[in-house]
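Structure, as structure tokens:
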Amino acid sequence: MLGLLDHRDVALRAVSAACKLVTARPKQPEWNEFRTHVVSAVGEAFNNIVLHSYAGRSDGLIEMEIHTESQRITVELRDYGESFDLESVAEPDLDQLPESGLGIFIMRAFMSIRYRPGHPNVLTLSKSLSTSEGAP
Amino acid sequence: MTFSISISEAGVIRLSIEGELDAMTVSDLRTEIEKLLMRQIGRVEVDLSMLRMLDSSGVGALVSLYKQVRARGGEVVVLGLRDQPLAIFRLLRLDRVMVGAEVQSTTPATPPKHRNPTS
């Protein structure tokens with residue numbers, strides 16, 4: 001899909017639907033939380049690519065691959081824009097009520113993430129259903 | 001996202017946001033917030049009971065509103081949080097700041113004076 005915010009809902013609908021495949025009993029409270037975390041984190045990842053990797057370009061591509069298995073989902077996002085240094089992003093001071101710089105914090109809190117800069121840049125987000133907190 | 005703004009006879013401003021408040025839709029809300037802040041501000045109630053999705057961009061707009069209203073001596077109370085937006089509020093600890101104990105005692109508002117359907 002194109003790296004446009006207009007296409008984000010397509011990605012998130014696919015991710016939300018894929019969350020149903022990790023368990024035979026979706027709709028349980030822990031599954032609702034799982035899906036909320038996954039959709040939130042992938043949404044932030046998509047934003048990051050559009051707003052920072054492609055930074056205003058309208059012809060950038062985002063490739064998304066979703067892997068599901070029992071109790072676990074992995075979402076891989078590939079882009080061909082500017083790379084960024086994930087480790088250099090400082091954790092926000094929540095007591096100061098920051099208005100920006102929260103996207104990567106949300107991603108990290110809700111899913112495990114790996115980033116490999118290059119061509120393409122590859123961001124991999126994963127989460128286990130049995131892990132209610134982030135960093136599964 | 002759609003949003004509406006109404007003002008009660010007591011001067012309480014009710015901002016109701018429906019749908020998705022995210023990077024794509026937030027600029028519409030920010031524009032309206034700027035207009036809102038040009039008037040005298042007392043209490044602002046932000047009704048998020050119909051909000052399905054909130055991302056970090058949307059959080060930025062709400063926190064900005066909160067800070068600016070507070071700087072003018074007013075208060076902001078968020079109402080109706082649930083599901084995904086509630087998870088974001090809790091993660092960012094905004095529920096401790098913007099969701100007050102008086103959540104249930106909302107003031108009836110006059111019919112909407114503005115409605116802005118967007119995406």
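Note on naming: chains are A, B, ... as they come in the structure tokens, residues start from 1 per chain, ligands start from 1 in the order shown.
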Output as a tab-separated table one row per residue of chain B within 8 Å of chain A: the closest atom pair and its distance in Å to one decimal place, counting only C-alpha atoms, sorted by chain and residue number ascending.
residue	atom	partner	partner_atom	distance
B:Ala23	CA	A:Asn47	CA	7.1
B:Met24	CA	A:Leu5	CA	5.9
B:Asp55	CA	A:Glu44	CA	6.9
B:Ser56	CA	A:Gly103	CA	5.6
B:Ser57	CA	A:Ser100	CA	7.2
B:Val59	CA	A:Glu99	CA	7.0
B:Gly60	CA	A:Glu99	CA	4.1
B:Ala61	CA	A:Glu99	CA	7.2
B:Val63	CA	A:Glu99	CA	6.1
B:Ser64	CA	A:Glu99	CA	6.6
B:Asp83	CA	A:Thr36	CA	7.5
B:Gln84	CA	A:Thr36	CA	5.6
B:Ala87	CA	A:Thr36	CA	7.7
B:Ile88	CA	A:Ile106	CA	7.9
B:Leu91	CA	A:Ile106	CA	7.8
B:Leu92	CA	A:Leu94	CA	6.4
B:Arg93	CA	A:Leu94	CA	7.1
B:Leu94	CA	A:Leu97	CA	7.9
Next on the checklist: If DSSP is run on the backbone, what residues of chain A are strand (DSSP E or B)? A reply as a PyMOL selection string would be ideal.
Outcome noted: chain A and resi 2+61-69+72-79+112-116+121-128
Checklist entry - Within 9 Å of Ala11 of chain A, counting only C-alpha atoms, which residues qualify if same-chain residues fewer than 4 places away don't, as a VMD selection string? => result chain A and resid 1 7 15 to 16 42 to 43 46 64
Quick one: everything within 10 Å of His67 of chain A, counting only C-alpha atoms, minus sequence neighbours fewer than 2 positions away in the same chain. Send it as a PDB file with C-alpha atoms, in the first residue's frame.
ATOM      1  CA  VAL A  15      -4.302  -6.308  11.650  1.00  0.00           C
ATOM      2  CA  ALA A  18      -5.736 -11.094  11.992  1.00  0.00           C
ATOM      3  CA  CYS A  19      -5.866 -10.836  15.780  1.00  0.00           C
ATOM      4  CA  LEU A  21      -6.606 -15.933  14.291  1.00  0.00           C
ATOM      5  CA  VAL A  22      -4.423 -16.250  17.379  1.00  0.00           C
ATOM      6  CA  GLU A  65       3.220  -8.888   6.385  1.00  0.00           C
ATOM      7  CA  GLU A  69       0.182 -18.558  15.227  1.00  0.00           C
ATOM      8  CA  ARG A  72       0.938 -14.832  18.957  1.00  0.00           C
ATOM      9  CA  ILE A  73       0.972 -12.238  16.203  1.00  0.00           C
ATOM     10  CA  THR A  74       3.894 -10.713  14.345  1.00  0.00           C
ATOM     11  CA  VAL A  75       3.522  -7.721  12.031  1.00  0.00           C
ATOM     12  CA  GLU A  76       6.351  -6.714   9.743  1.00  0.00           C
ATOM     13  CA  SER A 126       5.180  -8.945  17.928  1.00  0.00           C
TER      14      SER A 126
END
Checklist outcome for this item: Here atom CA of Arg114 of chain A and atom CA of Asp85 of chain A stand apart by 11.4 Å
Tell me, as a PDB file with N, CA and C atoms, in the first residue's frame, which residues lie within 8 Å of Ile113 of chain A, counting only C-alpha atoms; anything in the same chain fewer than 3 positions away does not count.
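The file below, part_32.pdb, is the result:
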ATOM      1  N   MET A 107       4.342   2.155  21.033  1.00  0.00           N
ATOM      2  CA  MET A 107       4.729   0.922  20.348  1.00  0.00           C
ATOM      3  C   MET A 107       5.464  -0.013  21.295  1.00  0.00           C
ATOM      4  N   ARG A 108       6.444   0.548  22.013  1.00  0.00           N
ATOM      5  CA  ARG A 108       7.267  -0.279  22.905  1.00  0.00           C
ATOM      6  C   ARG A 108       6.474  -0.815  24.092  1.00  0.00           C
ATOM      7  N   LEU A 123      10.558  -2.962  10.226  1.00  0.00           N
ATOM      8  CA  LEU A 123      10.100  -2.842  11.614  1.00  0.00           C
ATOM      9  C   LEU A 123       9.227  -4.051  11.918  1.00  0.00           C
ATOM     10  N   THR A 124       9.612  -4.791  12.931  1.00  0.00           N
ATOM     11  CA  THR A 124       8.871  -5.997  13.294  1.00  0.00           C
ATOM     12  C   THR A 124       8.273  -5.812  14.679  1.00  0.00           C
ATOM     13  N   LEU A 125       6.971  -5.991  14.756  1.00  0.00           N
ATOM     14  CA  LEU A 125       6.255  -5.856  16.031  1.00  0.00           C
ATOM     15  C   LEU A 125       5.619  -7.206  16.351  1.00  0.00           C
ATOM     16  N   SER A 126       5.774  -7.660  17.573  1.00  0.00           N
ATOM     17  CA  SER A 126       5.180  -8.945  17.928  1.00  0.00           C
ATOM     18  C   SER A 126       4.587  -8.893  19.333  1.00  0.00           C
TER      19      SER A 126
END
Next on the checklist: So that I can check the secondary structure, give me every residue of segment 49-117 of chain A assigned alpha helix (DSSP H) by backbone DSSP, as a list in words.
Outcome noted: Gly103, Ile104, Phe105, Ile106, Met107, Arg108, Ala109 and Phe110 of chain A
Would you mind exporting the chosen residues as a PDB file, in the first residue's frame, restricted to N, CA and C atoms?
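And here's out_16.pdb as it stands now:
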ATOM      1  N   GLY A 103       4.729   8.255  20.155  1.00  0.00           N
ATOM      2  CA  GLY A 103       4.431   7.125  19.276  1.00  0.00           C
ATOM      3  C   GLY A 103       5.287   5.897  19.560  1.00  0.00           C
ATOM      4  N   ILE A 104       6.585   6.080  19.639  1.00  0.00           N
ATOM      5  CA  ILE A 104       7.469   4.933  19.867  1.00  0.00           C
ATOM      6  C   ILE A 104       7.282   4.390  21.284  1.00  0.00           C
ATOM      7  N   PHE A 105       6.997   5.291  22.212  1.00  0.00           N
ATOM      8  CA  PHE A 105       6.710   4.835  23.581  1.00  0.00           C
ATOM      9  C   PHE A 105       5.495   3.906  23.586  1.00  0.00           C
ATOM     10  N   ILE A 106       4.450   4.283  22.859  1.00  0.00           N
ATOM     11  CA  ILE A 106       3.245   3.443  22.781  1.00  0.00           C
ATOM     12  C   ILE A 106       3.576   2.108  22.115  1.00  0.00           C
ATOM     13  N   MET A 107       4.342   2.155  21.033  1.00  0.00           N
ATOM     14  CA  MET A 107       4.729   0.922  20.348  1.00  0.00           C
ATOM     15  C   MET A 107       5.464  -0.013  21.295  1.00  0.00           C
ATOM     16  N   ARG A 108       6.444   0.548  22.013  1.00  0.00           N
ATOM     17  CA  ARG A 108       7.267  -0.279  22.905  1.00  0.00           C
ATOM     18  C   ARG A 108       6.474  -0.815  24.092  1.00  0.00           C
ATOM     19  N   ALA A 109       5.524  -0.011  24.551  1.00  0.00           N
ATOM     20  CA  ALA A 109       4.750  -0.432  25.725  1.00  0.00           C
ATOM     21  C   ALA A 109       3.797  -1.568  25.381  1.00  0.00           C
ATOM     22  N   PHE A 110       3.298  -1.555  24.150  1.00  0.00           N
ATOM     23  CA  PHE A 110       2.250  -2.521  23.799  1.00  0.00           C
ATOM     24  C   PHE A 110       2.757  -3.750  23.059  1.00  0.00           C
TER      25      PHE A 110
END
Checklist entry - Hey, can you check how far atom CA of Asp59 of chain A sits from atom CA of Glu82 of chain A? => result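 Those two atoms sit 13.5 Å apart.
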Checklist entry - Could you work out how far atom CA of Ile13 of chain B lies from atom CA of Ala71 of chain B, giving the answer in Å with one decimal? => result 16.3 Å
Item to check | Test item: residues at most 7 Å from Gly42 of chain B, only C-alpha atoms, excluding those fewer than 5 positions along its chain, as a PyMOL selection string | outcome: chain B and resi 12+74-75
Could you turn the residues from that selection into a file that holds N, CA and C atoms, as a PDB file, in the first residue's frame?
ATOM      1  N   VAL B  12     -20.495  26.091  30.396  1.00  0.00           N
ATOM      2  CA  VAL B  12     -19.664  24.894  30.258  1.00  0.00           C
ATOM      3  C   VAL B  12     -19.606  24.502  28.778  1.00  0.00           C
ATOM      4  N   GLY B  74      -8.951  27.786  33.525  1.00  0.00           N
ATOM      5  CA  GLY B  74     -10.091  26.890  33.388  1.00  0.00           C
ATOM      6  C   GLY B  74      -9.739  25.455  33.740  1.00  0.00           C
ATOM      7  N   GLU B  75     -10.674  24.563  33.491  1.00  0.00           N
ATOM      8  CA  GLU B  75     -10.431  23.147  33.760  1.00  0.00           C
ATOM      9  C   GLU B  75     -10.968  22.313  32.610  1.00  0.00           C
TER      10      GLU B  75
END
Mind checking which residues fall within 10 Å of Phe84 of chain A, counting only C-alpha atoms, ignoring those fewer than 2 positions away in the same chain, and posting them as a compact mmCIF listing (two decimals) with N, CA and C atoms, in the first residue's frame?
# COMPACT_ATOMS: atom_id res chain seq x y z
N ASN A 48 4.55 6.63 11.95
CA ASN A 48 5.98 6.94 11.95
C ASN A 48 6.58 6.86 10.56
N ILE A 49 6.19 5.83 9.84
CA ILE A 49 6.72 5.66 8.48
C ILE A 49 6.25 6.80 7.58
N HIS A 52 7.64 10.32 9.14
CA HIS A 52 9.08 10.51 9.32
C HIS A 52 9.91 9.84 8.22
N SER A 53 9.67 8.56 7.96
CA SER A 53 10.46 7.89 6.92
C SER A 53 10.19 8.51 5.56
N GLY A 81 11.94 4.50 2.84
CA GLY A 81 12.25 5.90 3.12
C GLY A 81 13.48 6.06 3.99
N GLU A 82 13.56 7.20 4.66
CA GLU A 82 14.69 7.48 5.55
C GLU A 82 14.65 6.53 6.75
N LEU A 86 16.17 4.02 16.31
CA LEU A 86 15.16 3.74 17.33
C LEU A 86 15.71 3.91 18.74
N GLU A 87 16.98 3.53 18.89
CA GLU A 87 17.58 3.57 20.23
C GLU A 87 17.81 4.99 20.72
N SER A 88 17.87 5.94 19.79
CA SER A 88 18.15 7.32 20.20
C SER A 88 16.89 8.04 20.71
N VAL A 89 15.76 7.38 20.58
CA VAL A 89 14.51 8.04 21.00
C VAL A 89 14.35 7.89 22.51
N TYR A 115 13.91 -3.24 14.90
CA TYR A 115 14.02 -2.36 13.72
C TYR A 115 15.35 -2.62 13.05
N ARG A 116 15.28 -2.84 11.75
CA ARG A 116 16.50 -3.04 10.97
C ARG A 116 16.55 -1.99 9.87
N PRO A 117 17.39 -0.95 10.05
CA PRO A 117 17.46 0.08 9.02
C PRO A 117 18.09 -0.47 7.75
N GLY A 118 17.69 0.07 6.62
CA GLY A 118 18.26 -0.38 5.35
C GLY A 118 17.33 -0.07 4.21
N ASN A 121 13.79 -0.48 5.16
CA ASN A 121 13.76 -0.49 6.63
C ASN A 121 12.72 -1.53 7.04
Next on the checklist: Here is a test: counting only C-alpha atoms, which residue of A:Val10, A:Glu91, A:Lys127, A:Leu2 is nearest to Arg78 of chain A?
Outcome noted: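 The shortest atom-to-atom distance to Arg78 of chain A comes from A:Leu2.
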